[in-house]
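Visitor: Have a peek at work27.pdb (PDB, C-alpha atoms).
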```
ATOM      1  CA  MET A1369       4.295 -18.006  13.534
ATOM      2  CA  PRO A1370       7.610 -16.126  12.874
ATOM      3  CA  ASN A1371       8.042 -17.961   9.569
ATOM      4  CA  SER A1372       4.601 -16.900   8.356
ATOM      5  CA  LEU A1373       5.768 -13.263   8.181
ATOM      6  CA  HIS A1374       8.588 -14.332   5.871
ATOM      7  CA  ALA A1375       5.996 -16.099   3.731
ATOM      8  CA  VAL A1376       4.186 -12.760   3.409
ATOM      9  CA  PHE A1377       7.446 -11.010   2.448
ATOM     10  CA  GLU A1378       8.152 -13.681  -0.163
ATOM     11  CA  ALA A1379       4.638 -13.365  -1.594
ATOM     12  CA  ILE A1380       5.110  -9.588  -1.915
ATOM     13  CA  ALA A1381       8.486 -10.073  -3.617
ATOM     14  CA  ASN A1382       6.947 -12.402  -6.215
ATOM     15  CA  VAL A1383       4.079 -10.082  -7.215
ATOM     16  CA  ARG A1384       4.440  -8.858 -10.806
ATOM     17  CA  HIS A1385       1.745  -6.146 -10.816
ATOM     18  CA  GLU A1386      -0.630  -4.360  -8.424
ATOM     19  CA  GLN A1387      -3.642  -6.464  -9.403
ATOM     20  CA  GLU A1388      -1.871  -9.587  -8.097
ATOM     21  CA  LEU A1389      -1.150  -8.133  -4.677
ATOM     22  CA  ARG A1390      -4.372  -8.908  -2.794
ATOM     23  CA  LEU A1391      -4.620 -12.417  -4.196
ATOM     24  CA  ALA A1392      -0.994 -13.214  -3.365
ATOM     25  CA  LEU A1393      -1.473 -12.143   0.257
ATOM     26  CA  ALA A1394      -5.000 -13.478   0.843
ATOM     27  CA  ASP A1395      -4.353 -16.380   3.204
ATOM     28  CA  LYS A1396      -0.955 -15.293   4.442
ATOM     29  CA  ILE A1397      -2.049 -12.058   6.158
ATOM     30  CA  SER A1398      -5.094 -13.657   7.784
ATOM     31  CA  GLU A1399      -2.940 -16.512   9.054
ATOM     32  CA  HIS A1400      -0.072 -14.416  10.394
ATOM     33  CA  PHE A1401      -2.126 -11.720  12.127
ATOM     34  CA  ASP A1402      -5.046 -13.995  13.069
ATOM     35  CA  VAL A1403      -7.514 -11.488  11.602
ATOM     36  CA  GLN A1404     -10.990 -12.067  10.255
ATOM     37  CA  HIS A1405     -10.986  -8.981   8.000
ATOM     38  CA  TRP A1406      -8.225  -7.201   6.134
ATOM     39  CA  GLY A1407      -7.734  -5.120   3.038
ATOM     40  CA  ILE A1408      -5.280  -3.095   1.024
ATOM     41  CA  TYR A1409      -6.730   0.200  -0.152
ATOM     42  CA  PHE A1410      -5.044   2.541  -2.608
ATOM     43  CA  LEU A1411      -5.875   6.246  -2.616
ATOM     44  CA  ASP A1412      -6.401   8.358  -5.702
ATOM     45  CA  ASP A1413      -3.683  10.744  -6.803
ATOM     46  CA  LYS A1414      -4.720  13.350  -4.248
ATOM     47  CA  SER A1415      -2.304  15.561  -2.395
ATOM     48  CA  PRO A1416      -1.991  14.890   1.360
ATOM     49  CA  ALA A1417      -3.979  18.064   2.064
ATOM     50  CA  GLU A1418      -6.887  16.720  -0.016
ATOM     51  CA  ILE A1419      -7.074  13.316   1.693
ATOM     52  CA  ASP A1420     -10.411  13.009   3.416
ATOM     53  CA  ILE A1421      -9.949  10.458   6.204
ATOM     54  CA  PRO A1422     -13.589   9.293   6.196
ATOM     55  CA  ALA A1423     -13.229   8.552   2.478
ATOM     56  CA  ILE A1424     -10.461   6.024   3.108
ATOM     57  CA  PRO A1425     -12.132   2.626   2.831
ATOM     58  CA  ALA A1426     -12.116   0.398   5.930
ATOM     59  CA  VAL A1427     -11.350   3.322   8.197
ATOM     60  CA  CYS A1428     -14.701   3.653   9.972
ATOM     61  CA  LEU A1429     -16.631   6.835  10.645
ATOM     62  CA  GLU A1430     -15.631  10.458  10.576
ATOM     63  CA  SER A1431     -12.768  11.750  12.739
ATOM     64  CA  ASN A1432     -11.263   8.298  13.168
ATOM     65  CA  PRO A1433      -8.183   8.725  15.394
ATOM     66  CA  VAL A1434      -6.467   5.556  14.106
ATOM     67  CA  GLY A1435      -6.856   6.614  10.467
ATOM     68  CA  ARG A1436      -5.841  10.184  11.275
ATOM     69  CA  TYR A1437      -2.686   8.935  13.031
ATOM     70  CA  VAL A1438      -1.669   6.874   9.991
ATOM     71  CA  VAL A1439      -2.429   9.682   7.519
ATOM     72  CA  GLU A1440      -0.637  12.368   9.538
ATOM     73  CA  ARG A1441       2.408  10.366  10.624
ATOM     74  CA  HIS A1442       2.754   7.710   7.908
ATOM     75  CA  ALA A1443       3.179   5.225  10.737
ATOM     76  CA  PRO A1444       1.129   2.138  11.663
ATOM     77  CA  ALA A1445      -1.232   2.203  14.636
ATOM     78  CA  HIS A1446      -3.831   0.122  16.425
ATOM     79  CA  GLU A1447      -6.768   1.422  18.420
ATOM     80  CA  GLN A1448      -5.261   0.776  21.867
ATOM     81  CA  LEU A1449      -2.131   2.733  20.936
ATOM     82  CA  ILE A1450      -4.246   5.848  20.498
ATOM     83  CA  LEU A1451      -7.414   5.281  22.536
ATOM     84  CA  SER A1452      -8.285   4.054  25.994
ATOM     85  CA  PRO A1453      -9.516   0.424  26.038
ATOM     86  CA  GLY A1454     -13.108   0.229  24.849
ATOM     87  CA  ASP A1455     -13.156   3.725  23.288
ATOM     88  CA  TRP A1456     -12.996   2.242  19.773
ATOM     89  CA  LYS A1457     -16.723   1.472  20.073
ATOM     90  CA  HIS A1458     -17.386   5.234  20.035
ATOM     91  CA  PHE A1459     -15.676   5.630  16.649
ATOM     92  CA  CYS A1460     -16.537   2.499  14.684
ATOM     93  CA  SER A1461     -20.135   1.570  13.991
ATOM     94  CA  ARG A1462     -19.222  -1.836  12.547
ATOM     95  CA  HIS A1463     -19.988  -4.673  14.914
ATOM     96  CA  ASP A1464     -17.464  -6.995  13.262
ATOM     97  CA  HIS A1465     -14.482  -4.769  14.100
ATOM     98  CA  GLU A1466     -13.607  -5.273  17.762
ATOM     99  CA  HIS A1467      -9.916  -4.416  17.223
ATOM    100  CA  VAL A1468      -8.332  -2.551  14.311
ATOM    101  CA  MET A1469      -4.807  -1.893  13.099
ATOM    102  CA  THR A1470      -3.838   0.188  10.079
ATOM    103  CA  GLY A1471      -0.504   0.830   8.369
ATOM    104  CA  PRO A1472       0.630   3.167   5.600
ATOM    105  CA  ILE A1473       1.762   2.279   2.103
ATOM    106  CA  ILE A1474       4.136   5.015   0.955
ATOM    107  CA  CYS A1475       5.532   5.768  -2.497
ATOM    108  CA  ASP A1476       7.661   8.768  -3.451
ATOM    109  CA  GLY A1477       7.217  10.300   0.005
ATOM    110  CA  ARG A1478       3.426  10.310  -0.038
ATOM    111  CA  LEU A1479       0.694   8.076   1.291
ATOM    112  CA  ILE A1480      -0.679   5.991  -1.581
ATOM    113  CA  GLY A1481      -2.692   3.513   0.446
ATOM    114  CA  THR A1482      -3.282   1.676   3.682
ATOM    115  CA  LEU A1483      -3.204  -1.892   4.915
ATOM    116  CA  ASN A1484      -6.120  -2.430   7.299
ATOM    117  CA  LEU A1485      -6.582  -5.335   9.696
ATOM    118  CA  ALA A1486      -9.553  -6.104  11.967
ATOM    119  CA  ARG A1487     -10.343  -8.748  14.536
ATOM    120  CA  ASP A1488     -13.867  -9.774  15.459
ATOM    121  CA  GLN A1489     -15.396  -9.488  18.887
ATOM    122  CA  GLY A1490     -13.977 -11.976  21.405
ATOM    123  CA  ASN A1491     -10.490 -11.952  19.855
ATOM    124  CA  PRO A1492      -7.464 -10.451  21.619
ATOM    125  CA  PRO A1493      -6.448  -6.858  20.872
ATOM    126  CA  PHE A1494      -3.408  -6.098  18.732
ATOM    127  CA  ASN A1495      -0.169  -5.706  20.685
ATOM    128  CA  GLY A1496       3.339  -4.331  20.203
ATOM    129  CA  ASN A1497       4.530  -7.410  18.310
ATOM    130  CA  ASP A1498       1.592  -7.128  15.903
ATOM    131  CA  LEU A1499       2.437  -3.454  15.376
ATOM    132  CA  ALA A1500       6.113  -4.261  14.711
ATOM    133  CA  ASP A1501       5.085  -6.936  12.193
ATOM    134  CA  LEU A1502       2.673  -4.518  10.489
ATOM    135  CA  SER A1503       5.433  -1.932  10.299
ATOM    136  CA  ALA A1504       7.768  -4.440   8.609
ATOM    137  CA  LEU A1505       4.988  -5.495   6.248
ATOM    138  CA  CYS A1506       4.237  -1.880   5.295
ATOM    139  CA  ILE A1507       7.927  -1.323   4.508
ATOM    140  CA  HIS A1508       7.896  -4.314   2.154
ATOM    141  CA  LEU A1509       4.610  -3.219   0.544
ATOM    142  CA  SER A1510       5.859   0.352   0.111
ATOM    143  CA  ALA A1511       9.110  -0.800  -1.474
ATOM    144  CA  LYS A1512       7.251  -3.165  -3.817
ATOM    145  CA  MET A1513       4.766  -0.470  -4.840
ATOM    146  CA  ALA A1514       7.626   1.951  -5.544
ATOM    147  CA  THR A1515       9.237  -0.699  -7.743
ATOM    148  CA  LEU A1516       6.000  -1.550  -9.553
ATOM    149  CA  ARG A1517       5.136   2.072 -10.192
ATOM    150  CA  ALA A1518       8.651   3.045 -11.277
ATOM    151  CA  LYS A1519       9.010   0.510 -14.086
ATOM    152  CA  PRO A1520       9.004   2.385 -17.371
ATOM    153  CA  THR A1521       6.803   0.970 -20.071
ATOM    154  CA  LYS A1522       9.072  -0.594 -22.638
ATOM    155  CA  LEU A1523       8.154  -0.229 -26.264
ATOM    156  CA  GLN A1524       7.724  -3.723 -27.654
ATOM    157  CA  SER A1525       8.885  -3.781 -31.211
ATOM    158  CA  PRO A1526       8.693  -6.685 -33.621
ATOM    159  CA  PRO A1527      12.001  -8.392 -34.475
ATOM    160  CA  THR A1528      12.017  -6.756 -37.894
ATOM    161  CA  THR A1529      11.119  -3.102 -37.687
ATOM    162  CA  PRO A1530      11.355  -0.322 -40.227
ATOM    163  CA  LEU A1531      12.719   1.988 -37.495
ATOM    164  CA  THR A1532      16.399   2.476 -36.808
ATOM    165  CA  ALA A1533      17.848   1.932 -33.342
ATOM    166  CA  ARG A1534      17.984   5.723 -32.835
ATOM    167  CA  GLU A1535      14.345   6.136 -33.913
ATOM    168  CA  LEU A1536      13.307   3.396 -31.474
ATOM    169  CA  GLN A1537      15.249   5.173 -28.730
ATOM    170  CA  ILE A1538      13.422   8.427 -29.468
ATOM    171  CA  ALA A1539      10.043   6.654 -29.668
ATOM    172  CA  GLU A1540      10.608   5.084 -26.243
ATOM    173  CA  LEU A1541      11.376   8.510 -24.720
ATOM    174  CA  VAL A1542       8.232   9.946 -26.335
ATOM    175  CA  ALA A1543       6.230   7.058 -24.829
ATOM    176  CA  GLN A1544       7.654   7.980 -21.423
ATOM    177  CA  GLY A1545       6.173  11.461 -21.847
ATOM    178  CA  LEU A1546       9.343  13.474 -22.399
ATOM    179  CA  THR A1547       9.122  16.724 -24.348
ATOM    180  CA  ASN A1548      11.142  17.375 -27.512
ATOM    181  CA  ALA A1549      13.554  19.572 -25.537
ATOM    182  CA  GLU A1550      14.006  16.867 -22.864
ATOM    183  CA  ILE A1551      14.600  14.210 -25.527
ATOM    184  CA  GLY A1552      17.132  16.421 -27.294
ATOM    185  CA  GLU A1553      18.982  17.077 -24.043
ATOM    186  CA  LYS A1554      18.959  13.390 -23.052
ATOM    187  CA  LEU A1555      20.224  12.202 -26.461
ATOM    188  CA  TRP A1556      22.561  15.143 -27.101
ATOM    189  CA  ILE A1557      20.739  16.248 -30.236
ATOM    190  CA  THR A1558      19.293  19.611 -31.246
TER
END
```
Let me see whether you can do it: turn the structure in this file into structure tokens.
Guide:
Amino acid sequence: MPNSLHAVFEAIANVRHEQELRLALADKISEHFDVQHWGIYFLDDKSPAEIDIPAIPAVCLESNPVGRYVVERHAPAHEQLILSPGDWKHFCSRHDHEHVMTGPIICDGRLIGTLNLARDQGNPPFNGNDLADLSALCIHLSAKMATLRAKPTKLQSPPTTPLTARELQIAELVAQGLTNAEIGEKLWIT
């Protein structure tokens, strides 16, 4: 089982874009955590004050203490870390979620998503080792998302272009959204 976590890390490292992420991790997360349900959910570009916990997919019902813990602290949690054994039933109406564990995906200091894991009835609860593994996984996911979202879009130009090298440089900065003043300052031109 320890090697399966490294397989998850390797899968994350090899992802080229966000759309590939779920597919790349499909079997690996289920296998490592022995979960029947899991998902990665990305939030809209809302400020932390605007995040409505019940609106986060796969975080059941209103006033969910596990979801609230993750949103407020940007730290992973499972239901028995926060609640007394058996109290989860009072918060989650889904019958296929006996045990839950959720971790944050962070980018630029803000919560951009969550990784949610659930085990069906009759399966063991999550423990400290599971939480440590989820924490490590969330660090890798957060770092990968920061890398994927930070890549500037490169202007692809044909081999023979009517633009000079300086014009291409300016066009690329325009494509990145810089203002004329910012471009002038960056390129030392007036």
Visitor: Could you jot down the CA of Leu1505 (chain A) to CA of Asn1432 (chain A) separation for me, Å, one decimal place?
Guide: 22.4 Å
Visitor: Quick one: distance from CA of Trp1406 (chain A) to CA of Leu1502 (chain A) in Å, one decimal?
Guide: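 If I compute the distance from CA of Trp1406 (chain A) to CA of Leu1502 (chain A), I get 12.0 Å.
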Visitor: One decimal, Å: what's the distance from CA of Leu1541 (chain A) over to CA of Glu1553 (chain A), could you say?
Guide: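 CA of Leu1541 (chain A) sits 11.5 Å away from CA of Glu1553 (chain A).
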Visitor: Using the chain letters and numbering of this document, enumerate as a list of chain:residue names the residues selected by the PyMOL selection byres ((chain A and resi 1405) around 6).
Guide: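 Here the PyMOL selection byres ((chain A and resi 1405) around 6) matches A:Val1403, A:Gln1404, A:Trp1406, A:Leu1485, A:Ala1486.
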Visitor: With distances taken over all atoms listed in the file, which residue among A:Ala1445, A:Leu1516, A:Ile1557, A:Ile1507 lies nearest Asn1382 (chain A)?
Guide: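 Selected residue with least distance to Asn1382 (chain A): A:Leu1516.
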Visitor: Could you tell me, as a PyMOL selection string, exactly which residues end up selected when the PyMOL selection byres ((chain A and resi 1434-1441) around 8) is applied to this structure?
Guide: chain A and resi 1421+1427+1431-1433+1442-1447+1450+1469-1472+1479
Visitor: From the set A:Val1542, A:Ala1518, A:Ala1394, A:Ala1533, which residue has the shortest atom-to-atom contact distance to Lys1554 (chain A), counting all atoms listed in the file?
Guide: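 Between A:Val1542, A:Ala1518, A:Ala1394, A:Ala1533, the residue approaching Lys1554 (chain A) most closely is A:Val1542.
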Visitor: Output region 1527-1550 of chain A as an mmCIF file, in the frame of the given file, making sure N, CA and C atoms are there.
Guide:
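rebuild.cif written:
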```cif
data_model
loop_
_atom_site.group_PDB
_atom_site.id
_atom_site.type_symbol
_atom_site.label_atom_id
_atom_site.label_comp_id
_atom_site.auth_asym_id
_atom_site.auth_seq_id
_atom_site.Cartn_x
_atom_site.Cartn_y
_atom_site.Cartn_z
ATOM 1 N N PRO A 1527 10.596 -8.117 -34.160
ATOM 2 C CA PRO A 1527 12.001 -8.392 -34.475
ATOM 3 C C PRO A 1527 12.482 -7.628 -35.709
ATOM 4 N N THR A 1528 11.640 -7.517 -36.706
ATOM 5 C CA THR A 1528 12.017 -6.756 -37.894
ATOM 6 C C THR A 1528 11.174 -5.493 -37.904
ATOM 7 N N THR A 1529 11.837 -4.363 -37.760
ATOM 8 C CA THR A 1529 11.119 -3.102 -37.687
ATOM 9 C C THR A 1529 11.703 -2.126 -38.700
ATOM 10 N N PRO A 1530 10.853 -1.297 -39.267
ATOM 11 C CA PRO A 1530 11.355 -0.322 -40.227
ATOM 12 C C PRO A 1530 12.082 0.843 -39.547
ATOM 13 N N LEU A 1531 12.064 0.891 -38.206
ATOM 14 C CA LEU A 1531 12.719 1.988 -37.495
ATOM 15 C C LEU A 1531 14.163 1.642 -37.164
ATOM 16 N N THR A 1532 15.005 2.673 -37.202
ATOM 17 C CA THR A 1532 16.399 2.476 -36.808
ATOM 18 C C THR A 1532 16.489 2.393 -35.281
ATOM 19 N N ALA A 1533 17.639 2.017 -34.787
ATOM 20 C CA ALA A 1533 17.848 1.932 -33.342
ATOM 21 C C ALA A 1533 17.653 3.310 -32.706
ATOM 22 N N ARG A 1534 18.119 4.356 -33.362
ATOM 23 C CA ARG A 1534 17.984 5.723 -32.835
ATOM 24 C C ARG A 1534 16.515 6.145 -32.825
ATOM 25 N N GLU A 1535 15.771 5.805 -33.863
ATOM 26 C CA GLU A 1535 14.345 6.136 -33.913
ATOM 27 C C GLU A 1535 13.574 5.398 -32.816
ATOM 28 N N LEU A 1536 13.940 4.147 -32.572
ATOM 29 C CA LEU A 1536 13.307 3.396 -31.474
ATOM 30 C C LEU A 1536 13.616 4.039 -30.126
ATOM 31 N N GLN A 1537 14.841 4.509 -29.975
ATOM 32 C CA GLN A 1537 15.249 5.173 -28.730
ATOM 33 C C GLN A 1537 14.408 6.435 -28.518
ATOM 34 N N ILE A 1538 14.224 7.204 -29.549
ATOM 35 C CA ILE A 1538 13.422 8.427 -29.468
ATOM 36 C C ILE A 1538 11.959 8.080 -29.194
ATOM 37 N N ALA A 1539 11.436 7.071 -29.873
ATOM 38 C CA ALA A 1539 10.043 6.654 -29.668
ATOM 39 C C ALA A 1539 9.805 6.228 -28.220
ATOM 40 N N GLU A 1540 10.759 5.526 -27.626
ATOM 41 C CA GLU A 1540 10.608 5.084 -26.243
ATOM 42 C C GLU A 1540 10.559 6.292 -25.294
ATOM 43 N N LEU A 1541 11.388 7.301 -25.557
ATOM 44 C CA LEU A 1541 11.376 8.510 -24.720
ATOM 45 C C LEU A 1541 10.064 9.286 -24.885
ATOM 46 N N VAL A 1542 9.537 9.313 -26.095
ATOM 47 C CA VAL A 1542 8.232 9.946 -26.335
ATOM 48 C C VAL A 1542 7.160 9.206 -25.543
ATOM 49 N N ALA A 1543 7.208 7.873 -25.563
ATOM 50 C CA ALA A 1543 6.230 7.058 -24.829
ATOM 51 C C ALA A 1543 6.315 7.300 -23.332
ATOM 52 N N GLN A 1544 7.486 7.677 -22.846
ATOM 53 C CA GLN A 1544 7.654 7.980 -21.423
ATOM 54 C C GLN A 1544 7.146 9.376 -21.078
ATOM 55 N N GLY A 1545 6.762 10.147 -22.087
ATOM 56 C CA GLY A 1545 6.173 11.461 -21.847
ATOM 57 C C GLY A 1545 7.157 12.616 -21.884
ATOM 58 N N LEU A 1546 8.366 12.397 -22.341
ATOM 59 C CA LEU A 1546 9.343 13.474 -22.399
ATOM 60 C C LEU A 1546 8.995 14.447 -23.525
ATOM 61 N N THR A 1547 9.338 15.711 -23.316
ATOM 62 C CA THR A 1547 9.122 16.724 -24.348
ATOM 63 C C THR A 1547 10.259 16.643 -25.361
ATOM 64 N N ASN A 1548 10.093 17.357 -26.494
ATOM 65 C CA ASN A 1548 11.142 17.375 -27.512
ATOM 66 C C ASN A 1548 12.443 17.911 -26.938
ATOM 67 N N ALA A 1549 12.355 18.987 -26.134
ATOM 68 C CA ALA A 1549 13.554 19.572 -25.537
ATOM 69 C C ALA A 1549 14.233 18.580 -24.590
ATOM 70 N N GLU A 1550 13.438 17.850 -23.798
ATOM 71 C CA GLU A 1550 14.006 16.867 -22.864
ATOM 72 C C GLU A 1550 14.661 15.714 -23.618
#
```
